[in-house]
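One structure below.
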Amino acid sequence: MANVKFSQFSATTLSSTGFIVGYDSVLNDNIRFTLAQLETAMTLNNISGTLTSSKGGMLTGGTIGQALLKNSSTNYDSSWTTLTASNVSGVATTRDVLRYISTTDTSAVTGSTSLTLIRSQLIPAGTFQTGDIITIRHRLRKTGTAGLMTAGIYVNTISSLTGASQLGIYTSSGITNPYVQMKREFFIKTATNTESVWTNTSLPIDDVTTTQAAVATNINWAIDQYIIFTSQAGAAGDSIIQSGFIIELL
């Protein structure tokens, strides 16, 4: 069927059979719609648009990934729009599925019992915002049975432990344990309060009931921040690697 422009609309009414809205030169016949069909076509195409029956009556224009969005409460006032969380409730955006991950083993830390930065991840300025909830998981593996191992999570504006704020630690329960994983969730309450479970007591996870108050860490997410993962061996004879990590916006 040929395109039918709204400028071709006729005011002619054919009782209950429909409305003549144009003439199709291919079918050599009038194009007729019921009132309900006509209103639907006008809604989909905007009164100044073009009705193309082969395309399902979509408004011309737009680009890949866009959708028709009402501009106002006025009938037929719509346009092609890129959907975001700001203009349509419940639409997934890049922030909604934001995740930093690695499953690549780091180089081994051997012959040391010092607190060691084993890996860090840059969080660019503005990535996390007030109202966000962040989950971080940190996994270590150990070779040797000379001592315990401790996993730690820190934050800093540079990739360094100098001046870093501790966000959590977990120490293995036995020297023969070759594996440690810890999890922490952080609620960004305000620009100066990223809330979490206590940060200086060994815990594998933060799904706990406690008499200790939540900790408010002042992290300025409006500037670049580094999430820093650490390891610490209890004996120099052991070797530790980070097996991987997850930093995820819930």
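Within each chain, counting starts at residue 1; across the structure tokens, chains are named A, B, ... in the order shown, with ligands numbered 1 upward in that order.
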Enumerate as a ChimeraX atom specification all residues of stretch 36-248 of chain A assigned to strand (DSSP E or B) by DSSP on the backbone, naming them with the chain letters and numbers the document uses.
-> /A:50-51,67-70,78-81,99-102,109-110,116-123,133-143,149-156,165-171,179-190,193-196,202,215-217,225-233,239-248
Restricting the output to C-alpha atoms, write the selected residues as a PDB file, in the first residue's frame.
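selection23.pdb written:
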```pdb
ATOM      1  CA  THR A  50       3.140  10.055   7.371  1.00  0.00           C
ATOM      2  CA  LEU A  51       1.156   6.816   7.760  1.00  0.00           C
ATOM      3  CA  ALA A  67      10.952   5.056  21.072  1.00  0.00           C
ATOM      4  CA  LEU A  68       7.920   7.274  20.677  1.00  0.00           C
ATOM      5  CA  LEU A  69       7.435   9.424  23.757  1.00  0.00           C
ATOM      6  CA  LYS A  70       4.673  11.863  24.645  1.00  0.00           C
ATOM      7  CA  SER A  78       4.897  12.805  20.452  1.00  0.00           C
ATOM      8  CA  SER A  79       8.402  12.413  19.119  1.00  0.00           C
ATOM      9  CA  TRP A  80      11.212   9.902  18.761  1.00  0.00           C
ATOM     10  CA  THR A  81      13.239   9.910  21.971  1.00  0.00           C
ATOM     11  CA  ARG A  99      29.718  -3.679  37.112  1.00  0.00           C
ATOM     12  CA  TYR A 100      33.495  -3.899  37.370  1.00  0.00           C
ATOM     13  CA  ILE A 101      34.818  -7.466  37.431  1.00  0.00           C
ATOM     14  CA  SER A 102      37.990  -9.449  36.988  1.00  0.00           C
ATOM     15  CA  VAL A 109      52.775 -11.990  46.680  1.00  0.00           C
ATOM     16  CA  THR A 110      55.502 -14.100  48.273  1.00  0.00           C
ATOM     17  CA  THR A 116      50.157  -5.361  50.206  1.00  0.00           C
ATOM     18  CA  LEU A 117      48.114  -3.626  47.507  1.00  0.00           C
ATOM     19  CA  ILE A 118      47.395  -6.598  45.295  1.00  0.00           C
ATOM     20  CA  ARG A 119      45.049  -4.843  42.830  1.00  0.00           C
ATOM     21  CA  SER A 120      43.056  -1.624  42.466  1.00  0.00           C
ATOM     22  CA  GLN A 121      40.131  -0.474  40.337  1.00  0.00           C
ATOM     23  CA  LEU A 122      39.542   3.127  39.256  1.00  0.00           C
ATOM     24  CA  ILE A 123      36.004   4.402  39.835  1.00  0.00           C
ATOM     25  CA  ILE A 133      24.101   0.708  46.907  1.00  0.00           C
ATOM     26  CA  ILE A 134      27.416  -0.914  46.008  1.00  0.00           C
ATOM     27  CA  THR A 135      28.464  -4.522  46.545  1.00  0.00           C
ATOM     28  CA  ILE A 136      32.149  -5.475  46.582  1.00  0.00           C
ATOM     29  CA  ARG A 137      33.541  -9.029  46.631  1.00  0.00           C
ATOM     30  CA  HIS A 138      37.232  -9.826  47.053  1.00  0.00           C
ATOM     31  CA  ARG A 139      38.681 -13.350  46.671  1.00  0.00           C
ATOM     32  CA  LEU A 140      42.176 -14.562  47.628  1.00  0.00           C
ATOM     33  CA  ARG A 141      43.918 -17.916  47.189  1.00  0.00           C
ATOM     34  CA  LYS A 142      46.945 -19.077  49.150  1.00  0.00           C
ATOM     35  CA  THR A 143      49.670 -21.618  48.559  1.00  0.00           C
ATOM     36  CA  MET A 149      45.927 -14.733  55.325  1.00  0.00           C
ATOM     37  CA  THR A 150      43.931 -11.533  55.487  1.00  0.00           C
ATOM     38  CA  ALA A 151      41.901  -9.896  52.703  1.00  0.00           C
ATOM     39  CA  GLY A 152      41.185  -6.180  52.848  1.00  0.00           C
ATOM     40  CA  ILE A 153      39.236  -3.504  50.963  1.00  0.00           C
ATOM     41  CA  TYR A 154      40.299   0.146  50.997  1.00  0.00           C
ATOM     42  CA  VAL A 155      39.446   3.346  49.141  1.00  0.00           C
ATOM     43  CA  ASN A 156      41.663   6.234  48.110  1.00  0.00           C
ATOM     44  CA  SER A 165      40.548   4.502  54.215  1.00  0.00           C
ATOM     45  CA  GLN A 166      39.915   0.924  55.315  1.00  0.00           C
ATOM     46  CA  LEU A 167      36.484  -0.412  54.317  1.00  0.00           C
ATOM     47  CA  GLY A 168      36.715  -3.964  55.587  1.00  0.00           C
ATOM     48  CA  ILE A 169      38.953  -6.942  56.407  1.00  0.00           C
ATOM     49  CA  TYR A 170      38.639 -10.686  56.775  1.00  0.00           C
ATOM     50  CA  THR A 171      41.231 -13.119  58.150  1.00  0.00           C
ATOM     51  CA  TYR A 179      40.774 -19.691  50.093  1.00  0.00           C
ATOM     52  CA  VAL A 180      39.229 -16.482  51.448  1.00  0.00           C
ATOM     53  CA  GLN A 181      36.390 -14.398  50.060  1.00  0.00           C
ATOM     54  CA  MET A 182      34.794 -11.349  51.652  1.00  0.00           C
ATOM     55  CA  LYS A 183      31.715  -9.298  50.757  1.00  0.00           C
ATOM     56  CA  ARG A 184      30.695  -5.792  51.751  1.00  0.00           C
ATOM     57  CA  GLU A 185      27.720  -3.609  50.801  1.00  0.00           C
ATOM     58  CA  PHE A 186      27.934   0.171  50.941  1.00  0.00           C
ATOM     59  CA  PHE A 187      24.941   2.514  51.104  1.00  0.00           C
ATOM     60  CA  ILE A 188      25.754   6.007  49.823  1.00  0.00           C
ATOM     61  CA  LYS A 189      23.532   7.969  52.194  1.00  0.00           C
ATOM     62  CA  THR A 190      24.871  11.462  51.501  1.00  0.00           C
ATOM     63  CA  ASN A 193      28.376   9.303  54.359  1.00  0.00           C
ATOM     64  CA  THR A 194      28.992   5.957  52.688  1.00  0.00           C
ATOM     65  CA  GLU A 195      27.560   3.561  55.259  1.00  0.00           C
ATOM     66  CA  SER A 196      28.759   0.021  55.968  1.00  0.00           C
ATOM     67  CA  SER A 202      37.290  -9.428  60.604  1.00  0.00           C
ATOM     68  CA  VAL A 215      30.290   3.081  60.087  1.00  0.00           C
ATOM     69  CA  ALA A 216      30.011   6.280  58.032  1.00  0.00           C
ATOM     70  CA  THR A 217      33.016   6.727  55.736  1.00  0.00           C
ATOM     71  CA  GLN A 225      38.320   7.084  43.587  1.00  0.00           C
ATOM     72  CA  TYR A 226      40.204   3.792  43.667  1.00  0.00           C
ATOM     73  CA  ILE A 227      38.842   0.643  45.271  1.00  0.00           C
ATOM     74  CA  ILE A 228      41.965  -1.069  46.587  1.00  0.00           C
ATOM     75  CA  PHE A 229      42.217  -4.790  47.311  1.00  0.00           C
ATOM     76  CA  THR A 230      44.878  -5.999  49.731  1.00  0.00           C
ATOM     77  CA  SER A 231      46.424  -9.210  50.932  1.00  0.00           C
ATOM     78  CA  GLN A 232      48.518  -9.947  53.979  1.00  0.00           C
ATOM     79  CA  ALA A 233      50.209 -13.239  54.777  1.00  0.00           C
ATOM     80  CA  SER A 239      52.168 -17.182  48.568  1.00  0.00           C
ATOM     81  CA  ILE A 240      48.927 -15.249  47.906  1.00  0.00           C
ATOM     82  CA  ILE A 241      47.139 -14.178  44.724  1.00  0.00           C
ATOM     83  CA  GLN A 242      43.868 -12.363  44.157  1.00  0.00           C
ATOM     84  CA  SER A 243      41.648 -14.696  42.156  1.00  0.00           C
ATOM     85  CA  GLY A 244      39.176 -11.969  41.235  1.00  0.00           C
ATOM     86  CA  PHE A 245      36.795  -9.241  42.352  1.00  0.00           C
ATOM     87  CA  ILE A 246      33.369  -7.766  41.715  1.00  0.00           C
ATOM     88  CA  ILE A 247      32.285  -4.151  42.219  1.00  0.00           C
ATOM     89  CA  GLU A 248      28.604  -3.843  41.380  1.00  0.00           C
TER      90      GLU A 248
END
```
How many Å separate atom CA of A:Ala125 from atom CA of A:Leu98?
-> 14.1 Å
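Closest approach to A:Ile223 among A:Gly62, A:Gly126, A:Gly111, A:Pro178 is made by A:Gly126 (distances from only C-alpha atoms).
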Which distance in Å separates atom CA of A:Ala236 and atom CA of A:Thr145, to one decimal?
-> 10.5 Å
